[in-house]
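For reference, query.pdb is printed below; it contains PDB, C-alpha atoms.
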```pdb
ATOM      1  CA  MET A  27       0.000   0.000   0.000  1.00  0.00           C
ATOM      2  CA  LEU A  28       1.355   3.420  -0.986  1.00  0.00           C
ATOM      3  CA  ASP A  29       2.178   5.937   1.715  1.00  0.00           C
ATOM      4  CA  GLU A  30       0.128   9.151   1.449  1.00  0.00           C
ATOM      5  CA  ARG A  31       3.416  11.027   1.129  1.00  0.00           C
ATOM      6  CA  ASP A  32       4.111   9.153  -2.121  1.00  0.00           C
ATOM      7  CA  MET A  33       0.866  10.264  -3.765  1.00  0.00           C
ATOM      8  CA  PRO A  34       1.556  13.890  -4.769  1.00  0.00           C
ATOM      9  CA  TYR A  35      -0.707  13.757  -7.843  1.00  0.00           C
ATOM     10  CA  GLU A  36      -3.695  12.729  -5.749  1.00  0.00           C
ATOM     11  CA  ARG A  37      -2.824  15.313  -3.110  1.00  0.00           C
ATOM     12  CA  PHE A  38      -2.744  18.006  -5.803  1.00  0.00           C
ATOM     13  CA  LEU A  39      -6.230  17.003  -7.051  1.00  0.00           C
ATOM     14  CA  GLU A  40      -7.736  16.787  -3.563  1.00  0.00           C
ATOM     15  CA  ARG A  41      -6.163  19.816  -1.876  1.00  0.00           C
ATOM     16  CA  GLY A  42      -4.676  21.950  -4.642  1.00  0.00           C
ATOM     17  CA  PRO A  43      -1.096  23.069  -5.351  1.00  0.00           C
ATOM     18  CA  ASP A  44      -0.722  24.931  -2.054  1.00  0.00           C
ATOM     19  CA  ALA A  45      -0.836  21.596  -0.222  1.00  0.00           C
ATOM     20  CA  CYS A  46       2.122  20.276  -2.216  1.00  0.00           C
ATOM     21  CA  SER A  47       5.774  20.750  -1.335  1.00  0.00           C
ATOM     22  CA  ASP A  48       8.393  21.661  -3.930  1.00  0.00           C
ATOM     23  CA  ALA A  49       9.378  17.994  -4.058  1.00  0.00           C
ATOM     24  CA  ASP A  50       5.736  17.006  -4.558  1.00  0.00           C
ATOM     25  CA  LEU A  51       5.344  19.316  -7.545  1.00  0.00           C
ATOM     26  CA  LEU A  52       8.591  18.123  -9.108  1.00  0.00           C
ATOM     27  CA  ALA A  53       7.558  14.508  -8.460  1.00  0.00           C
ATOM     28  CA  ILE A  54       4.357  15.113 -10.429  1.00  0.00           C
ATOM     29  CA  ILE A  55       6.495  16.207 -13.385  1.00  0.00           C
ATOM     30  CA  ILE A  56       8.800  13.206 -12.966  1.00  0.00           C
ATOM     31  CA  ARG A  57       5.746  10.889 -12.571  1.00  0.00           C
ATOM     32  CA  THR A  58       7.659   7.730 -11.616  1.00  0.00           C
ATOM     33  CA  GLY A  59      10.631   6.890  -9.458  1.00  0.00           C
ATOM     34  CA  THR A  60      12.556   3.632  -9.460  1.00  0.00           C
ATOM     35  CA  ALA A  61      12.110   0.238  -7.867  1.00  0.00           C
ATOM     36  CA  ASN A  62      14.042   1.476  -4.819  1.00  0.00           C
ATOM     37  CA  GLU A  63      12.957   5.109  -4.666  1.00  0.00           C
ATOM     38  CA  SER A  64       9.655   6.960  -4.970  1.00  0.00           C
ATOM     39  CA  ALA A  65       9.225   9.927  -7.300  1.00  0.00           C
ATOM     40  CA  VAL A  66       9.032  12.217  -4.247  1.00  0.00           C
ATOM     41  CA  ASP A  67      12.304  10.905  -2.798  1.00  0.00           C
ATOM     42  CA  LEU A  68      13.962  11.236  -6.192  1.00  0.00           C
ATOM     43  CA  ALA A  69      12.674  14.809  -6.493  1.00  0.00           C
ATOM     44  CA  GLU A  70      14.063  15.650  -3.047  1.00  0.00           C
ATOM     45  CA  ARG A  71      17.490  14.309  -4.041  1.00  0.00           C
ATOM     46  CA  ILE A  72      17.470  16.459  -7.183  1.00  0.00           C
ATOM     47  CA  LEU A  73      16.446  19.557  -5.223  1.00  0.00           C
ATOM     48  CA  THR A  74      19.184  18.883  -2.659  1.00  0.00           C
ATOM     49  CA  SER A  75      21.988  18.436  -5.194  1.00  0.00           C
ATOM     50  CA  GLY A  76      24.682  21.074  -4.927  1.00  0.00           C
ATOM     51  CA  ASN A  77      23.305  22.631  -1.725  1.00  0.00           C
ATOM     52  CA  ARG A  78      25.873  22.963   1.015  1.00  0.00           C
ATOM     53  CA  ASP A  79      23.302  22.744   3.805  1.00  0.00           C
ATOM     54  CA  GLY A  80      21.800  19.537   2.401  1.00  0.00           C
ATOM     55  CA  ARG A  81      18.313  21.028   2.200  1.00  0.00           C
ATOM     56  CA  PRO A  82      16.106  20.746  -0.913  1.00  0.00           C
ATOM     57  CA  ARG A  83      15.867  24.078  -2.723  1.00  0.00           C
ATOM     58  CA  LEU A  84      14.248  25.080  -6.009  1.00  0.00           C
ATOM     59  CA  ARG A  85      17.318  27.070  -7.004  1.00  0.00           C
ATOM     60  CA  SER A  86      19.083  23.746  -7.581  1.00  0.00           C
ATOM     61  CA  LEU A  87      17.132  23.477 -10.834  1.00  0.00           C
ATOM     62  CA  CYS A  88      18.696  26.713 -12.088  1.00  0.00           C
ATOM     63  CA  ASN A  89      22.260  25.440 -11.817  1.00  0.00           C
ATOM     64  CA  ILE A  90      21.920  21.811 -12.878  1.00  0.00           C
ATOM     65  CA  SER A  91      22.784  20.666 -16.399  1.00  0.00           C
ATOM     66  CA  LEU A  92      21.043  18.144 -18.624  1.00  0.00           C
ATOM     67  CA  GLU A  93      23.905  15.704 -18.100  1.00  0.00           C
ATOM     68  CA  GLU A  94      23.799  16.101 -14.315  1.00  0.00           C
ATOM     69  CA  LEU A  95      20.060  15.460 -14.241  1.00  0.00           C
ATOM     70  CA  MET A  96      20.457  12.338 -16.342  1.00  0.00           C
ATOM     71  CA  SER A  97      23.028  11.023 -13.897  1.00  0.00           C
ATOM     72  CA  PHE A  98      20.202  10.442 -11.387  1.00  0.00           C
ATOM     73  CA  ASN A  99      18.849   6.914 -11.576  1.00  0.00           C
ATOM     74  CA  GLY A 100      15.306   7.221 -12.902  1.00  0.00           C
ATOM     75  CA  ILE A 101      15.884  10.405 -14.901  1.00  0.00           C
ATOM     76  CA  GLY A 102      16.249   9.924 -18.643  1.00  0.00           C
ATOM     77  CA  GLU A 103      16.571  12.517 -21.357  1.00  0.00           C
ATOM     78  CA  VAL A 104      12.842  13.212 -21.671  1.00  0.00           C
ATOM     79  CA  LYS A 105      12.360  13.815 -17.939  1.00  0.00           C
ATOM     80  CA  ALA A 106      15.531  15.907 -17.729  1.00  0.00           C
ATOM     81  CA  VAL A 107      14.405  18.149 -20.590  1.00  0.00           C
ATOM     82  CA  LYS A 108      10.976  18.602 -18.990  1.00  0.00           C
ATOM     83  CA  ILE A 109      12.553  19.621 -15.666  1.00  0.00           C
ATOM     84  CA  LEU A 110      14.850  22.154 -17.320  1.00  0.00           C
ATOM     85  CA  CYS A 111      11.931  23.555 -19.332  1.00  0.00           C
ATOM     86  CA  ILE A 112       9.964  24.076 -16.111  1.00  0.00           C
ATOM     87  CA  ALA A 113      12.952  25.871 -14.550  1.00  0.00           C
ATOM     88  CA  GLU A 114      13.386  28.123 -17.579  1.00  0.00           C
ATOM     89  CA  LEU A 115       9.680  28.956 -17.776  1.00  0.00           C
ATOM     90  CA  SER A 116       9.765  29.881 -14.087  1.00  0.00           C
ATOM     91  CA  ARG A 117      12.752  32.184 -14.652  1.00  0.00           C
ATOM     92  CA  ARG A 118      11.087  33.860 -17.636  1.00  0.00           C
ATOM     93  CA  LEU A 119       7.803  34.322 -15.756  1.00  0.00           C
ATOM     94  CA  SER A 120       9.587  36.003 -12.837  1.00  0.00           C
ATOM     95  CA  THR A 121      11.489  38.288 -15.203  1.00  0.00           C
ATOM     96  CA  GLU A 122       8.352  39.159 -17.173  1.00  0.00           C
ATOM     97  CA  ARG A 123       6.426  40.069 -14.035  1.00  0.00           C
ATOM     98  CA  ALA A 124       9.295  42.183 -12.712  1.00  0.00           C
ATOM     99  CA  GLY A 125       9.605  43.881 -16.109  1.00  0.00           C
ATOM    100  CA  GLU A 126       6.090  45.267 -15.785  1.00  0.00           C
ATOM    101  CA  LYS A 127       7.252  47.284 -12.755  1.00  0.00           C
ATOM    102  CA  LEU A 128      10.756  48.115 -13.972  1.00  0.00           C
ATOM    103  CA  ILE A 129      11.758  51.718 -13.234  1.00  0.00           C
ATOM    104  CA  PHE A 130      15.462  52.474 -13.428  1.00  0.00           C
ATOM    105  CA  SER A 131      15.202  55.158 -10.739  1.00  0.00           C
ATOM    106  CA  SER A 132      13.961  52.453  -8.348  1.00  0.00           C
ATOM    107  CA  PRO A 133      16.725  50.099  -7.089  1.00  0.00           C
ATOM    108  CA  SER A 134      14.190  47.518  -5.892  1.00  0.00           C
ATOM    109  CA  SER A 135      12.471  47.244  -9.272  1.00  0.00           C
ATOM    110  CA  VAL A 136      15.828  46.943 -11.068  1.00  0.00           C
ATOM    111  CA  ALA A 137      16.967  44.273  -8.618  1.00  0.00           C
ATOM    112  CA  ASP A 138      13.698  42.366  -9.025  1.00  0.00           C
ATOM    113  CA  TYR A 139      14.010  42.403 -12.808  1.00  0.00           C
ATOM    114  CA  TYR A 140      17.571  41.087 -12.908  1.00  0.00           C
ATOM    115  CA  MET A 141      17.307  38.846  -9.837  1.00  0.00           C
ATOM    116  CA  GLU A 142      16.528  35.578 -11.616  1.00  0.00           C
ATOM    117  CA  THR A 143      19.171  36.256 -14.253  1.00  0.00           C
ATOM    118  CA  LEU A 144      21.978  36.880 -11.783  1.00  0.00           C
ATOM    119  CA  CYS A 145      21.241  35.258  -8.427  1.00  0.00           C
ATOM    120  CA  ASN A 146      21.757  31.662  -9.554  1.00  0.00           C
ATOM    121  CA  LEU A 147      24.976  32.161 -11.495  1.00  0.00           C
ATOM    122  CA  GLU A 148      27.976  30.234 -10.195  1.00  0.00           C
ATOM    123  CA  GLN A 149      30.445  32.872 -11.381  1.00  0.00           C
ATOM    124  CA  GLU A 150      30.487  36.572 -10.682  1.00  0.00           C
ATOM    125  CA  GLN A 151      29.107  38.560 -13.618  1.00  0.00           C
ATOM    126  CA  VAL A 152      29.104  42.331 -13.996  1.00  0.00           C
ATOM    127  CA  MET A 153      26.433  44.022 -16.099  1.00  0.00           C
ATOM    128  CA  LEU A 154      26.448  47.587 -17.385  1.00  0.00           C
ATOM    129  CA  LEU A 155      23.132  49.343 -17.974  1.00  0.00           C
ATOM    130  CA  LEU A 156      23.390  52.289 -20.348  1.00  0.00           C
ATOM    131  CA  LEU A 157      20.648  54.882 -19.775  1.00  0.00           C
ATOM    132  CA  ASP A 158      19.500  58.092 -21.428  1.00  0.00           C
ATOM    133  CA  ASN A 159      18.746  61.405 -19.732  1.00  0.00           C
ATOM    134  CA  ARG A 160      15.297  60.129 -18.679  1.00  0.00           C
ATOM    135  CA  LEU A 161      16.791  56.982 -17.137  1.00  0.00           C
ATOM    136  CA  ALA A 162      15.349  54.857 -19.924  1.00  0.00           C
ATOM    137  CA  LEU A 163      17.390  51.839 -20.978  1.00  0.00           C
ATOM    138  CA  ILE A 164      19.430  52.236 -24.163  1.00  0.00           C
ATOM    139  CA  ARG A 165      21.070  48.835 -23.871  1.00  0.00           C
ATOM    140  CA  GLU A 166      22.559  46.394 -21.392  1.00  0.00           C
ATOM    141  CA  GLU A 167      25.959  44.777 -21.736  1.00  0.00           C
ATOM    142  CA  ILE A 168      28.031  42.220 -19.866  1.00  0.00           C
ATOM    143  CA  LEU A 169      31.237  43.873 -18.698  1.00  0.00           C
ATOM    144  CA  SER A 170      32.967  40.826 -17.304  1.00  0.00           C
ATOM    145  CA  ILE A 171      32.539  37.263 -16.126  1.00  0.00           C
ATOM    146  CA  GLY A 172      34.938  36.437 -13.335  1.00  0.00           C
ATOM    147  CA  THR A 173      35.758  33.633 -10.967  1.00  0.00           C
ATOM    148  CA  VAL A 174      33.583  32.582  -8.034  1.00  0.00           C
ATOM    149  CA  ASN A 175      35.428  35.064  -5.799  1.00  0.00           C
ATOM    150  CA  ALA A 176      36.103  38.139  -7.899  1.00  0.00           C
ATOM    151  CA  SER A 177      35.565  39.880 -11.193  1.00  0.00           C
ATOM    152  CA  LEU A 178      37.680  42.599 -12.800  1.00  0.00           C
ATOM    153  CA  VAL A 179      36.000  45.716 -14.125  1.00  0.00           C
ATOM    154  CA  SER A 180      37.722  48.473 -16.100  1.00  0.00           C
ATOM    155  CA  PRO A 181      36.218  51.936 -15.429  1.00  0.00           C
ATOM    156  CA  ARG A 182      37.661  53.004 -18.775  1.00  0.00           C
ATOM    157  CA  GLU A 183      35.655  50.269 -20.521  1.00  0.00           C
ATOM    158  CA  VAL A 184      32.479  51.484 -18.787  1.00  0.00           C
ATOM    159  CA  PHE A 185      32.784  54.923 -20.347  1.00  0.00           C
ATOM    160  CA  VAL A 186      34.032  53.738 -23.722  1.00  0.00           C
ATOM    161  CA  ARG A 187      30.765  51.853 -24.008  1.00  0.00           C
ATOM    162  CA  ALA A 188      28.739  54.731 -22.545  1.00  0.00           C
ATOM    163  CA  VAL A 189      30.110  57.242 -25.060  1.00  0.00           C
ATOM    164  CA  LYS A 190      29.630  54.798 -27.930  1.00  0.00           C
ATOM    165  CA  SER A 191      25.955  54.367 -26.970  1.00  0.00           C
ATOM    166  CA  ARG A 192      25.472  58.085 -26.198  1.00  0.00           C
ATOM    167  CA  ALA A 193      24.423  57.267 -22.650  1.00  0.00           C
ATOM    168  CA  VAL A 194      24.363  60.041 -20.064  1.00  0.00           C
ATOM    169  CA  ASN A 195      23.678  57.743 -17.112  1.00  0.00           C
ATOM    170  CA  VAL A 196      25.061  54.322 -16.260  1.00  0.00           C
ATOM    171  CA  MET A 197      24.283  51.646 -13.692  1.00  0.00           C
ATOM    172  CA  LEU A 198      26.331  48.657 -12.575  1.00  0.00           C
ATOM    173  CA  LEU A 199      24.937  45.324 -11.409  1.00  0.00           C
ATOM    174  CA  HIS A 200      26.786  42.234 -10.321  1.00  0.00           C
ATOM    175  CA  ASN A 201      26.073  39.065  -8.409  1.00  0.00           C
ATOM    176  CA  HIS A 202      27.795  37.460  -5.449  1.00  0.00           C
ATOM    177  CA  PRO A 203      27.728  33.662  -5.896  1.00  0.00           C
ATOM    178  CA  SER A 204      28.152  33.313  -2.115  1.00  0.00           C
ATOM    179  CA  GLY A 205      24.658  34.766  -1.697  1.00  0.00           C
ATOM    180  CA  SER A 206      25.875  37.622   0.505  1.00  0.00           C
ATOM    181  CA  THR A 207      25.241  41.206  -0.579  1.00  0.00           C
ATOM    182  CA  GLU A 208      28.018  42.661   1.581  1.00  0.00           C
ATOM    183  CA  PRO A 209      30.226  44.783  -0.718  1.00  0.00           C
ATOM    184  CA  SER A 210      33.898  43.847  -0.859  1.00  0.00           C
ATOM    185  CA  GLN A 211      36.658  46.426  -0.735  1.00  0.00           C
ATOM    186  CA  GLU A 212      37.130  45.836  -4.458  1.00  0.00           C
ATOM    187  CA  ASP A 213      33.437  46.597  -5.025  1.00  0.00           C
ATOM    188  CA  LEU A 214      33.789  49.854  -3.111  1.00  0.00           C
ATOM    189  CA  ASN A 215      36.969  50.840  -4.939  1.00  0.00           C
ATOM    190  CA  ILE A 216      35.554  50.177  -8.396  1.00  0.00           C
ATOM    191  CA  THR A 217      32.370  52.094  -7.580  1.00  0.00           C
ATOM    192  CA  GLN A 218      34.369  55.094  -6.389  1.00  0.00           C
ATOM    193  CA  ARG A 219      36.581  55.070  -9.489  1.00  0.00           C
ATOM    194  CA  VAL A 220      33.620  54.821 -11.866  1.00  0.00           C
ATOM    195  CA  GLN A 221      31.817  57.607 -10.007  1.00  0.00           C
ATOM    196  CA  GLU A 222      34.845  59.919 -10.113  1.00  0.00           C
ATOM    197  CA  LEU A 223      35.552  59.280 -13.780  1.00  0.00           C
ATOM    198  CA  GLY A 224      31.867  59.779 -14.558  1.00  0.00           C
ATOM    199  CA  ARG A 225      31.900  63.225 -12.972  1.00  0.00           C
ATOM    200  CA  MET A 226      34.829  64.208 -15.188  1.00  0.00           C
ATOM    201  CA  MET A 227      32.973  62.997 -18.293  1.00  0.00           C
ATOM    202  CA  ASP A 228      29.554  64.308 -17.218  1.00  0.00           C
ATOM    203  CA  ILE A 229      28.118  60.774 -17.186  1.00  0.00           C
ATOM    204  CA  GLN A 230      26.459  59.880 -13.887  1.00  0.00           C
ATOM    205  CA  LEU A 231      26.764  56.542 -12.109  1.00  0.00           C
ATOM    206  CA  VAL A 232      23.148  56.191 -10.990  1.00  0.00           C
ATOM    207  CA  ASP A 233      23.663  53.128  -8.807  1.00  0.00           C
ATOM    208  CA  HIS A 234      25.617  49.928  -8.291  1.00  0.00           C
ATOM    209  CA  ILE A 235      23.478  46.980  -7.232  1.00  0.00           C
ATOM    210  CA  ILE A 236      24.760  43.711  -5.786  1.00  0.00           C
ATOM    211  CA  ILE A 237      22.508  40.679  -6.230  1.00  0.00           C
ATOM    212  CA  GLY A 238      22.741  37.946  -3.600  1.00  0.00           C
ATOM    213  CA  ASP A 239      20.518  35.009  -2.703  1.00  0.00           C
ATOM    214  CA  HIS A 240      17.182  36.619  -3.616  1.00  0.00           C
ATOM    215  CA  GLU A 241      18.202  39.848  -1.924  1.00  0.00           C
ATOM    216  CA  TYR A 242      20.054  42.925  -3.081  1.00  0.00           C
ATOM    217  CA  LEU A 243      22.141  45.851  -1.930  1.00  0.00           C
ATOM    218  CA  SER A 244      21.906  49.250  -3.596  1.00  0.00           C
ATOM    219  CA  PHE A 245      24.987  51.444  -3.165  1.00  0.00           C
ATOM    220  CA  LYS A 246      22.713  54.470  -3.497  1.00  0.00           C
ATOM    221  CA  GLU A 247      20.284  53.302  -0.805  1.00  0.00           C
ATOM    222  CA  ALA A 248      23.169  52.232   1.456  1.00  0.00           C
ATOM    223  CA  GLY A 249      24.788  55.678   1.214  1.00  0.00           C
ATOM    224  CA  TYR A 250      27.889  54.642  -0.745  1.00  0.00           C
ATOM    225  CA  LEU A 251      26.905  56.958  -3.626  1.00  0.00           C
TER
END
```
Mind turning this structure into structure tokens?
Amino acid sequence: MLDERDMPYERFLERGPDACSDADLLAIIIRTGTANESAVDLAERILTSGNRDGRPRLRSLCNISLEELMSFNGIGEVKAVKILCIAELSRRLSTERAGEKLIFSSPSSVADYYMETLCNLEQEQVMLLLLDNRLALIREEILSIGTVNASLVSPREVFVRAVKSRAVNVMLLHNHPSGSTEPSQEDLNITQRVQELGRMMDIQLVDHIIIGDHEYLSFKEAGYL
């Protein structure tokens, strides 16, 4: 006789999605486990993979590859593709919703919009947002992709790109793979250099935002700018 815990599909029909855990919902997508493991247990193992604290987390789906998923007993190519499609649809939905409220003068709305793009990256990535005089986006560019611990940014490159795009305002965003939003000394130094050079060129650094584990730090709000 099946344990009630191993019947997520039935639980969904009887009580609705709110009654289902993350593992339950993933198990419904997976449908079947193996002879030695239920779909729910398999889902929990997938959601736990790569997490230092050993707890199942949805963010695991953002960092796992097709090959890594297929290494789990019970997960073939079809199931792995379905799981990654669900993760990508979730990311796009979050970004689309945040985009409806995106105002570049509002650090929280900017952080919300770029959160799903940056918070799950395993390497530090620095983005440059080039803005016009009304703080409307002209274009966004990746300045650098660094190691897990640090990323190098050239203030000169910031303004070469700003002048080329005729931007009069710029904004920096980067993620901390550790999940912490505490600015490093390097972060503070780079921000100061970009701000000083911007004053000389009459191009304002509007903000520098650090994205952590679903939280952010705005240099402007924190008083660094």
Could you give me, as a count of residues only, the residues within 10 Å of Val184 (chain A), counting all atoms listed in the file and dropping anything in the same chain fewer than 4 positions from it?
16
Given the PyMOL selection byres ((chain A and resi 142-152) around 7), the residues it picks as an mmCIF file with C-alpha atoms, in the frame of the given file:
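Result went into result.cif, see below:
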```
data_model
loop_
_atom_site.group_PDB
_atom_site.id
_atom_site.type_symbol
_atom_site.label_atom_id
_atom_site.label_comp_id
_atom_site.auth_asym_id
_atom_site.auth_seq_id
_atom_site.Cartn_x
_atom_site.Cartn_y
_atom_site.Cartn_z
ATOM 1 C CA ARG A 85 17.318 27.070 -7.004
ATOM 2 C CA CYS A 88 18.696 26.713 -12.088
ATOM 3 C CA ASN A 89 22.260 25.440 -11.817
ATOM 4 C CA ARG A 117 12.752 32.184 -14.652
ATOM 5 C CA THR A 121 11.489 38.288 -15.203
ATOM 6 C CA TYR A 140 17.571 41.087 -12.908
ATOM 7 C CA MET A 141 17.307 38.846 -9.837
ATOM 8 C CA MET A 153 26.433 44.022 -16.099
ATOM 9 C CA LEU A 154 26.448 47.587 -17.385
ATOM 10 C CA ILE A 168 28.031 42.220 -19.866
ATOM 11 C CA LEU A 169 31.237 43.873 -18.698
ATOM 12 C CA SER A 170 32.967 40.826 -17.304
ATOM 13 C CA ILE A 171 32.539 37.263 -16.126
ATOM 14 C CA GLY A 172 34.938 36.437 -13.335
ATOM 15 C CA THR A 173 35.758 33.633 -10.967
ATOM 16 C CA VAL A 174 33.583 32.582 -8.034
ATOM 17 C CA ALA A 176 36.103 38.139 -7.899
ATOM 18 C CA SER A 177 35.565 39.880 -11.193
ATOM 19 C CA LEU A 199 24.937 45.324 -11.409
ATOM 20 C CA HIS A 200 26.786 42.234 -10.321
ATOM 21 C CA ASN A 201 26.073 39.065 -8.409
ATOM 22 C CA HIS A 202 27.795 37.460 -5.449
ATOM 23 C CA PRO A 203 27.728 33.662 -5.896
ATOM 24 C CA ILE A 237 22.508 40.679 -6.230
ATOM 25 C CA GLY A 238 22.741 37.946 -3.600
ATOM 26 C CA ASP A 239 20.518 35.009 -2.703
ATOM 27 C CA HIS A 240 17.182 36.619 -3.616
#
```
Measure the distance from CA of Ala106 (chain A) to CA of Thr60 (chain A) in Å and round it to one decimal.
15.1 Å
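Excluding Gln221 (chain A) itself and same-chain residues fewer than 6 positions from it, the residues having an atom within 12 Å of it are Pro181, Arg182, Val184, Phe185, Asn195, Val196, Met197, Leu198, Leu214, Asn215, Met227, Asp228, Ile229, Gln230, Leu231, Val232, Asp233, His234, Phe245, Lys246, Tyr250 and Leu251 of chain A, counting all atoms listed in the file.
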Take the PyMOL selection byres ((chain A and resi 52) around 10), run it mentally on this structure, and tell me the resulting residues as a list of chain:residue names.
A:Pro34, A:Cys46, A:Ser47, A:Asp48, A:Ala49, A:Asp50, A:Leu51, A:Ala53, A:Ile54, A:Ile55, A:Ile56, A:Arg57, A:Ala65, A:Val66, A:Leu68, A:Ala69, A:Glu70, A:Ile72, A:Leu73, A:Leu84, A:Ile109, A:Ile112
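The interatomic distance for the pair CA of Ser75 (chain A) and CA of Gly100 (chain A) works out to 15.2 Å.
Closest to Ile236 (chain A) among A:Ile129, A:Ala248, A:Ile101, A:Ala61 is A:Ala248, based on all atoms listed in the file.
For the pair CA of Leu243 (chain A) and CA of Leu110 (chain A), the interatomic distance is 29.2 Å.
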Would you mind telling me which residue in A:Thr217, A:Glu212, A:Lys190, A:Arg71 lies nearest to Ser97 (chain A) when using only C-alpha atoms?
A:Arg71
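The residue that comes closest to Leu161 (chain A), out of A:Ala137, A:Val186, A:Lys105, A:Leu128 and on the basis of all atoms listed in the file, is A:Leu128.
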